[in-house]
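File shown here: query22.cif, holding mmCIF, C-alpha atoms.
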data_run
#
loop_
_atom_site.group_PDB
_atom_site.id
_atom_site.type_symbol
_atom_site.label_atom_id
_atom_site.label_comp_id
_atom_site.auth_asym_id
_atom_site.auth_seq_id
_atom_site.Cartn_x
_atom_site.Cartn_y
_atom_site.Cartn_z
ATOM 1 C CA MET A 167 9.271 -35.679 58.909
ATOM 2 C CA THR A 168 6.393 -35.607 61.383
ATOM 3 C CA THR A 169 8.799 -35.055 64.304
ATOM 4 C CA PHE A 170 10.495 -32.196 62.450
ATOM 5 C CA VAL A 171 7.162 -30.507 61.700
ATOM 6 C CA THR A 172 6.075 -30.990 65.308
ATOM 7 C CA ARG A 173 9.234 -29.285 66.558
ATOM 8 C CA LEU A 174 8.726 -26.379 64.174
ATOM 9 C CA ARG A 175 5.179 -26.005 65.442
ATOM 10 C CA GLU A 176 6.313 -26.057 69.077
ATOM 11 C CA ASP A 177 8.938 -23.389 68.376
ATOM 12 C CA ALA A 178 6.345 -21.221 66.639
ATOM 13 C CA LEU A 179 3.938 -21.591 69.563
ATOM 14 C CA ASN A 180 6.633 -20.687 72.072
ATOM 15 C CA ALA A 181 7.408 -17.530 70.103
ATOM 16 C CA LEU A 182 3.823 -16.286 70.413
ATOM 17 C CA PRO A 183 2.634 -14.072 73.274
ATOM 18 C CA GLU A 184 0.933 -16.196 75.911
ATOM 19 C CA ALA A 185 -2.419 -14.500 75.248
ATOM 20 C CA ARG A 186 -2.372 -15.726 71.641
ATOM 21 C CA ARG A 187 -0.735 -19.089 72.266
ATOM 22 C CA THR A 188 -3.971 -20.658 73.507
ATOM 23 C CA GLU A 189 -5.647 -19.884 70.170
ATOM 24 C CA TYR A 190 -3.411 -22.398 68.421
ATOM 25 C CA GLN A 191 -2.064 -24.877 70.935
ATOM 26 C CA ASN A 192 -5.216 -27.021 70.853
ATOM 27 C CA ASP A 193 -5.046 -27.396 67.080
ATOM 28 C CA ALA A 194 -3.560 -30.722 66.051
ATOM 29 C CA PRO A 195 -0.465 -30.522 63.830
ATOM 30 C CA PRO A 196 -0.721 -31.897 60.290
ATOM 31 C CA GLN A 197 -0.346 -35.666 60.155
ATOM 32 C CA ASP A 198 0.928 -37.893 57.368
ATOM 33 C CA ASN A 199 -0.214 -41.147 58.970
ATOM 34 C CA GLU A 200 -3.969 -40.673 59.191
ATOM 35 C CA PRO A 201 -6.118 -43.791 58.611
ATOM 36 C CA LEU A 202 -7.299 -44.707 55.118
ATOM 37 C CA THR A 203 -10.287 -46.798 56.171
ATOM 38 C CA ILE A 204 -12.928 -46.630 58.891
ATOM 39 C CA ALA A 205 -12.095 -49.381 61.351
ATOM 40 C CA ARG A 206 -15.608 -50.126 62.558
ATOM 41 C CA PRO A 207 -18.592 -52.012 61.105
ATOM 42 C CA GLU A 208 -21.687 -50.321 59.732
ATOM 43 C CA GLN A 209 -24.355 -49.890 62.402
ATOM 44 C CA THR A 210 -27.017 -47.638 60.902
ATOM 45 C CA LYS A 211 -27.698 -46.494 57.355
ATOM 46 C CA TRP A 212 -28.341 -42.913 58.309
ATOM 47 C CA THR A 213 -30.598 -40.635 56.303
ATOM 48 C CA VAL A 214 -30.843 -36.906 56.908
ATOM 49 C CA ASP A 215 -34.248 -37.245 58.575
ATOM 50 C CA SER A 216 -33.392 -40.275 60.713
ATOM 51 C CA LEU A 217 -30.190 -38.692 61.978
ATOM 52 C CA LEU A 218 -31.757 -35.317 62.768
ATOM 53 C CA ALA A 219 -34.483 -37.118 64.715
ATOM 54 C CA ARG A 220 -31.914 -39.004 66.807
ATOM 55 C CA LEU A 221 -29.457 -36.211 67.555
ATOM 56 C CA PRO A 222 -29.378 -35.057 71.197
ATOM 57 C CA THR A 223 -31.217 -31.793 71.744
ATOM 58 C CA ALA A 224 -28.438 -30.422 73.960
ATOM 59 C CA THR A 225 -24.665 -30.500 73.584
ATOM 60 C CA THR A 226 -21.879 -29.554 75.950
ATOM 61 C CA PRO A 227 -18.483 -28.017 75.114
ATOM 62 C CA ASP A 228 -16.638 -30.787 76.981
ATOM 63 C CA ARG A 229 -17.403 -33.092 74.024
ATOM 64 C CA HIS A 230 -15.119 -31.071 71.741
ATOM 65 C CA ALA A 231 -12.222 -33.542 72.041
ATOM 66 C CA ALA A 232 -14.573 -36.428 71.300
ATOM 67 C CA GLY A 233 -15.723 -34.613 68.166
ATOM 68 C CA ALA A 234 -12.110 -34.162 67.077
ATOM 69 C CA ALA A 235 -11.615 -37.923 67.429
ATOM 70 C CA VAL A 236 -14.631 -38.621 65.205
ATOM 71 C CA PHE A 237 -13.309 -36.089 62.665
ATOM 72 C CA ARG A 238 -10.226 -38.280 62.339
ATOM 73 C CA GLU A 239 -11.856 -41.694 62.561
ATOM 74 C CA ALA A 240 -14.551 -40.821 60.001
ATOM 75 C CA LEU A 241 -11.740 -39.811 57.600
ATOM 76 C CA CYS A 242 -12.813 -36.150 57.396
ATOM 77 C CA ILE A 243 -9.200 -35.222 58.106
ATOM 78 C CA ARG A 244 -8.017 -36.977 54.936
ATOM 79 C CA CYS A 245 -9.660 -34.372 52.680
ATOM 80 C CA HIS A 246 -10.581 -31.296 54.737
ATOM 81 C CA ARG A 247 -8.595 -28.624 56.518
ATOM 82 C CA PHE A 248 -9.856 -27.704 59.972
ATOM 83 C CA GLY A 249 -7.602 -25.244 61.712
ATOM 84 C CA THR A 250 -4.088 -26.608 61.279
ATOM 85 C CA ALA A 251 -5.218 -30.212 60.828
ATOM 86 C CA GLY A 252 -6.184 -32.077 57.688
ATOM 87 C CA GLN A 253 -5.649 -31.869 53.945
ATOM 88 C CA ALA A 254 -6.877 -29.216 51.497
ATOM 89 C CA VAL A 255 -8.450 -31.634 49.004
ATOM 90 C CA GLY A 256 -12.066 -30.731 49.759
ATOM 91 C CA PRO A 257 -13.625 -27.520 51.094
ATOM 92 C CA GLU A 258 -12.032 -25.730 54.047
ATOM 93 C CA LEU A 259 -14.110 -26.443 57.174
ATOM 94 C CA THR A 260 -12.546 -24.220 59.836
ATOM 95 C CA TYR A 261 -15.427 -21.730 59.847
ATOM 96 C CA VAL A 262 -18.149 -23.950 58.412
ATOM 97 C CA GLY A 263 -20.163 -23.710 61.629
ATOM 98 C CA ARG A 264 -20.520 -19.953 61.159
ATOM 99 C CA ARG A 265 -21.881 -20.262 57.630
ATOM 100 C CA PHE A 266 -24.231 -23.231 57.749
ATOM 101 C CA SER A 267 -26.950 -24.541 60.019
ATOM 102 C CA ARG A 268 -26.765 -27.932 61.706
ATOM 103 C CA GLN A 269 -29.312 -29.294 59.230
ATOM 104 C CA ASP A 270 -27.159 -28.071 56.336
ATOM 105 C CA LEU A 271 -24.109 -29.782 57.828
ATOM 106 C CA VAL A 272 -25.983 -33.054 58.296
ATOM 107 C CA SER A 273 -27.329 -32.917 54.741
ATOM 108 C CA SER A 274 -23.906 -32.274 53.215
ATOM 109 C CA ILE A 275 -22.364 -35.186 55.142
ATOM 110 C CA ILE A 276 -25.131 -37.738 54.589
ATOM 111 C CA GLU A 277 -25.840 -36.751 50.959
ATOM 112 C CA PRO A 278 -22.498 -35.376 49.719
ATOM 113 C CA SER A 279 -23.465 -35.424 46.036
ATOM 114 C CA LYS A 280 -26.763 -33.569 46.495
ATOM 115 C CA VAL A 281 -25.059 -30.183 46.109
ATOM 116 C CA VAL A 282 -21.467 -30.093 44.846
ATOM 117 C CA ALA A 283 -19.589 -26.842 44.302
ATOM 118 C CA GLU A 284 -18.115 -26.737 40.810
ATOM 119 C CA PRO A 285 -14.433 -26.787 41.866
ATOM 120 C CA TYR A 286 -14.992 -30.087 43.694
ATOM 121 C CA ARG A 287 -16.963 -32.007 41.072
ATOM 122 C CA LEU A 288 -15.400 -35.141 39.676
ATOM 123 C CA THR A 289 -14.245 -35.681 36.115
ATOM 124 C CA GLN A 290 -15.242 -38.741 34.114
ATOM 125 C CA ILE A 291 -12.975 -39.899 31.300
ATOM 126 C CA VAL A 292 -13.850 -42.596 28.757
ATOM 127 C CA THR A 293 -10.883 -43.888 26.764
ATOM 128 C CA THR A 294 -10.778 -45.510 23.347
ATOM 129 C CA ASP A 295 -10.426 -48.956 24.927
ATOM 130 C CA GLY A 296 -13.891 -48.538 26.472
ATOM 131 C CA LEU A 297 -12.710 -48.000 30.037
ATOM 132 C CA THR A 298 -14.305 -45.333 32.232
ATOM 133 C CA ARG A 299 -12.305 -43.587 34.927
ATOM 134 C CA THR A 300 -13.770 -41.153 37.433
ATOM 135 C CA GLY A 301 -11.687 -38.990 39.709
ATOM 136 C CA ARG A 302 -10.249 -35.603 40.478
ATOM 137 C CA LEU A 303 -8.600 -33.966 37.478
ATOM 138 C CA LEU A 304 -5.202 -32.574 38.402
ATOM 139 C CA MET A 305 -4.580 -29.294 36.635
ATOM 140 C CA GLU A 306 -1.014 -28.681 37.748
ATOM 141 C CA GLY A 307 1.803 -28.884 35.238
ATOM 142 C CA ASP A 308 2.349 -27.947 31.609
ATOM 143 C CA TYR A 309 -0.966 -27.686 29.727
ATOM 144 C CA ARG A 310 0.918 -28.650 26.559
ATOM 145 C CA SER A 311 1.663 -32.081 27.980
ATOM 146 C CA GLU A 312 0.261 -35.067 26.104
ATOM 147 C CA LEU A 313 -0.795 -36.627 29.394
ATOM 148 C CA ILE A 314 -3.728 -36.133 31.760
ATOM 149 C CA ARG A 315 -3.323 -36.853 35.451
ATOM 150 C CA LEU A 316 -6.314 -38.140 37.400
ATOM 151 C CA ASN A 317 -6.536 -38.869 41.117
ATOM 152 C CA THR A 318 -8.881 -41.861 41.347
ATOM 153 C CA ASP A 319 -8.125 -42.799 44.964
ATOM 154 C CA LEU A 320 -9.554 -39.753 46.686
ATOM 155 C CA LEU A 321 -8.313 -40.694 50.148
ATOM 156 C CA GLN A 322 -4.757 -40.747 48.811
ATOM 157 C CA PRO A 323 -4.253 -37.528 46.798
ATOM 158 C CA ALA A 324 -0.678 -38.459 45.928
ATOM 159 C CA LYS A 325 -1.813 -41.557 44.018
ATOM 160 C CA GLN A 326 -2.376 -40.586 40.387
ATOM 161 C CA GLU A 327 -3.258 -42.269 37.125
ATOM 162 C CA THR A 328 -1.759 -40.971 33.893
ATOM 163 C CA ILE A 329 -3.823 -41.057 30.696
ATOM 164 C CA ASP A 330 -2.595 -40.259 27.193
ATOM 165 C CA LYS A 331 -4.736 -37.471 25.716
ATOM 166 C CA LYS A 332 -4.782 -39.324 22.400
ATOM 167 C CA GLN A 333 -6.627 -42.172 24.123
ATOM 168 C CA VAL A 334 -9.402 -39.938 25.499
ATOM 169 C CA GLU A 335 -12.747 -40.393 23.789
ATOM 170 C CA THR A 336 -14.829 -38.214 26.121
ATOM 171 C CA LEU A 337 -14.034 -36.045 29.129
ATOM 172 C CA GLN A 338 -16.772 -34.430 31.179
ATOM 173 C CA THR A 339 -17.466 -33.036 34.622
ATOM 174 C CA VAL A 340 -20.080 -34.987 36.571
ATOM 175 C CA ASP A 341 -22.247 -33.904 39.503
ATOM 176 C CA LEU A 342 -20.576 -36.274 41.928
ATOM 177 C CA SER A 343 -18.751 -35.382 45.100
ATOM 178 C CA PRO A 344 -15.337 -36.866 45.831
ATOM 179 C CA MET A 345 -16.706 -37.543 49.309
ATOM 180 C CA PRO A 346 -18.258 -41.022 49.556
ATOM 181 C CA ALA A 347 -21.661 -41.499 51.160
ATOM 182 C CA GLY A 348 -22.033 -43.629 54.263
ATOM 183 C CA LEU A 349 -18.945 -42.443 56.137
ATOM 184 C CA LEU A 350 -20.952 -42.034 59.345
ATOM 185 C CA ASN A 351 -22.869 -45.315 59.185
ATOM 186 C CA GLY A 352 -20.540 -46.865 61.742
ATOM 187 C CA PHE A 353 -21.077 -44.094 64.281
ATOM 188 C CA THR A 354 -23.818 -43.538 66.831
ATOM 189 C CA ALA A 355 -26.033 -40.459 66.926
ATOM 190 C CA GLY A 356 -24.149 -39.308 70.025
ATOM 191 C CA GLU A 357 -20.784 -39.562 68.281
ATOM 192 C CA ILE A 358 -22.103 -37.693 65.251
ATOM 193 C CA SER A 359 -23.433 -35.032 67.606
ATOM 194 C CA ASP A 360 -19.889 -34.668 68.966
ATOM 195 C CA LEU A 361 -18.586 -34.250 65.409
ATOM 196 C CA LEU A 362 -21.167 -31.565 64.653
ATOM 197 C CA LEU A 363 -20.280 -29.713 67.845
ATOM 198 C CA TYR A 364 -16.629 -29.811 66.795
ATOM 199 C CA LEU A 365 -17.467 -28.344 63.387
ATOM 200 C CA GLU A 366 -19.794 -25.730 64.854
ATOM 201 C CA THR A 367 -17.433 -24.429 67.536
ATOM 202 C CA GLY A 368 -14.205 -24.482 65.532
ATOM 203 C CA PRO A 369 -10.792 -26.034 66.218
ATOM 204 C CA THR A 370 -10.423 -24.253 69.557
ATOM 205 C CA PRO A 371 -13.256 -24.955 72.021
ATOM 206 C CA THR A 372 -15.032 -22.052 73.664
ATOM 207 C CA ARG A 373 -14.367 -21.524 77.332
#
Write-out of the structure in structure tokens:
Amino acid sequence: MTTFVTRLREDALNALPEARRTEYQNDAPPQDNEPLTIARPEQTKWTVDSLLARLPTATTPDRHAAGAAVFREALCIRCHRFGTAGQAVGPELTYVGRRFSRQDLVSSIIEPSKVVAEPYRLTQIVTTDGLTRTGRLLMEGDYRSELIRLNTDLLQPAKQETIDKKQVETLQTVDLSPMPAGLLNGFTAGEISDLLLYLETGPTPTR
């Protein structure tokens, strides 16, 4: 499937005028084999203040590719669209650098549950057997169905848990982000700076 999609993308790029082709050719095609875990140990338990204090004061555009690598390794690509890459589970990030300051970006990454837009808040369900499940409520399908579908493994949107509505004791939205805290604790300040540059400049680096 990935090869087929890649070929379609190449054909589409070749059909574009050369002047416009460069706008898209640096965007990575969608992937279905992105990592599910961060393959590096925790180094620093970053806070907003400690990270801002350690970030380099100057950045250079040639770090754009390095930032793209961190975007993948830190699992951002599992839940966010950025250009043509990623998944549309969380907020779209393609133009996030135009709308938010660097401090805002750092705060939203380090403290993801501090401010959560309503469409992305999690749902907590307590069933009659006393179990509590927290996840992303899936609204697709027939509302008359006797079943509720909940995505409890947020890095794998296709994995769903089905709950009988008759077994639901309480259902409420909670002020929690699907994004886990600590995703950047295995990365250095320099690597996080590369990630921020990537988000600030967009999928295609400035020349």
Kindly provide the residues of segment 223-326 of chain A that approach segment 345-358 of chain A to within 12 Å, each paired with its closest atom pair and their distance in Å to one decimal, based on only C-alpha atoms, listed by chain and increasing number, as CSV.
residue,atom,partner,partner_atom,distance
A:Thr223,CA,A:Gly356,CA,10.5
A:Ala224,CA,A:Gly356,CA,10.6
A:Thr225,CA,A:Gly356,CA,9.5
A:Thr226,CA,A:Gly356,CA,11.6
A:Arg229,CA,A:Glu357,CA,9.3
A:His230,CA,A:Glu357,CA,10.8
A:Ala231,CA,A:Glu357,CA,11.1
A:Ala232,CA,A:Glu357,CA,7.6
A:Gly233,CA,A:Glu357,CA,7.1
A:Ala234,CA,A:Glu357,CA,10.3
A:Ala235,CA,A:Glu357,CA,9.4
A:Val236,CA,A:Glu357,CA,6.9
A:Phe237,CA,A:Ile358,CA,9.3
A:Arg238,CA,A:Leu349,CA,11.5
A:Glu239,CA,A:Leu349,CA,9.6
A:Ala240,CA,A:Leu349,CA,6.1
A:Leu241,CA,A:Leu349,CA,7.8
A:Cys242,CA,A:Leu349,CA,8.9
A:Ile243,CA,A:Met345,CA,11.8
A:Arg244,CA,A:Met345,CA,10.4
A:Cys245,CA,A:Met345,CA,8.4
A:His246,CA,A:Met345,CA,10.3
A:Val255,CA,A:Met345,CA,10.2
A:Gly256,CA,A:Met345,CA,8.3
A:Pro257,CA,A:Met345,CA,10.6
A:Arg268,CA,A:Ile358,CA,11.4
A:Leu271,CA,A:Ile358,CA,11.0
A:Val272,CA,A:Ile358,CA,9.2
A:Ser273,CA,A:Ala347,CA,10.9
A:Ser274,CA,A:Ala347,CA,9.7
A:Ile275,CA,A:Ala347,CA,7.5
A:Ile276,CA,A:Ala347,CA,6.2
A:Glu277,CA,A:Ala347,CA,6.3
A:Pro278,CA,A:Met345,CA,6.2
A:Ser279,CA,A:Met345,CA,7.8
A:Lys280,CA,A:Ala347,CA,10.5
A:Val281,CA,A:Met345,CA,11.6
A:Val282,CA,A:Met345,CA,9.9
A:Tyr286,CA,A:Met345,CA,9.5
A:Arg287,CA,A:Met345,CA,9.9
A:Leu288,CA,A:Met345,CA,10.0
A:Gly301,CA,A:Met345,CA,10.9
A:Arg302,CA,A:Met345,CA,11.1
A:Thr318,CA,A:Met345,CA,12.0
A:Asp319,CA,A:Met345,CA,11.0
A:Leu320,CA,A:Met345,CA,7.9
A:Leu321,CA,A:Met345,CA,9.0
*Which of these residues is nearest to Met305 of chain A, using all atoms listed in the file: A:Gly252, A:Gly368, A:Pro285, A:Pro207?*
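The shortest atom-to-atom distance to Met305 of chain A comes from A:Pro285.
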*How many Å lie between atom CA of Asp295 of chain A and atom CA of Ile314 of chain A, rounded to one decimal?*
16.0 Å
*Please write the residues picked by the PyMOL selection byres ((chain A and resi 218) around 10) on this file as a list in words.*
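Matching residues under the PyMOL selection byres ((chain A and resi 218) around 10) are Trp212, Thr213, Val214, Asp215, Ser216, Leu217, Ala219, Arg220, Leu221, Pro222, Thr223, Arg268, Gln269, Val272, Ser273, Ala355 and Ser359 of chain A.
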*For atom CA of Ser267 of chain A and atom CA of Asp360 of chain A, determine how far apart the two atoms are, in Å to one decimal place.*
15.2 Å
*Selection near Phe248 of chain A, 7 Å with all atoms listed in the file, sequence-local residues under 4 positions removed, as a list in words*: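 These residues fall inside the cut-off: Gly252, Glu258, Leu259, Thr260 and Pro369 of chain A.
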*What is the distance between atom CA of Thr336 of chain A and atom CA of Gln290 of chain A, in Å to one decimal?*
8.0 Å
*Written as number ranges by chain, what is the full residue list that the PyMOL selection byres ((chain A and resi 264) around 9) yields on the file shown?*
A: 261-263, 265-267, 366-368
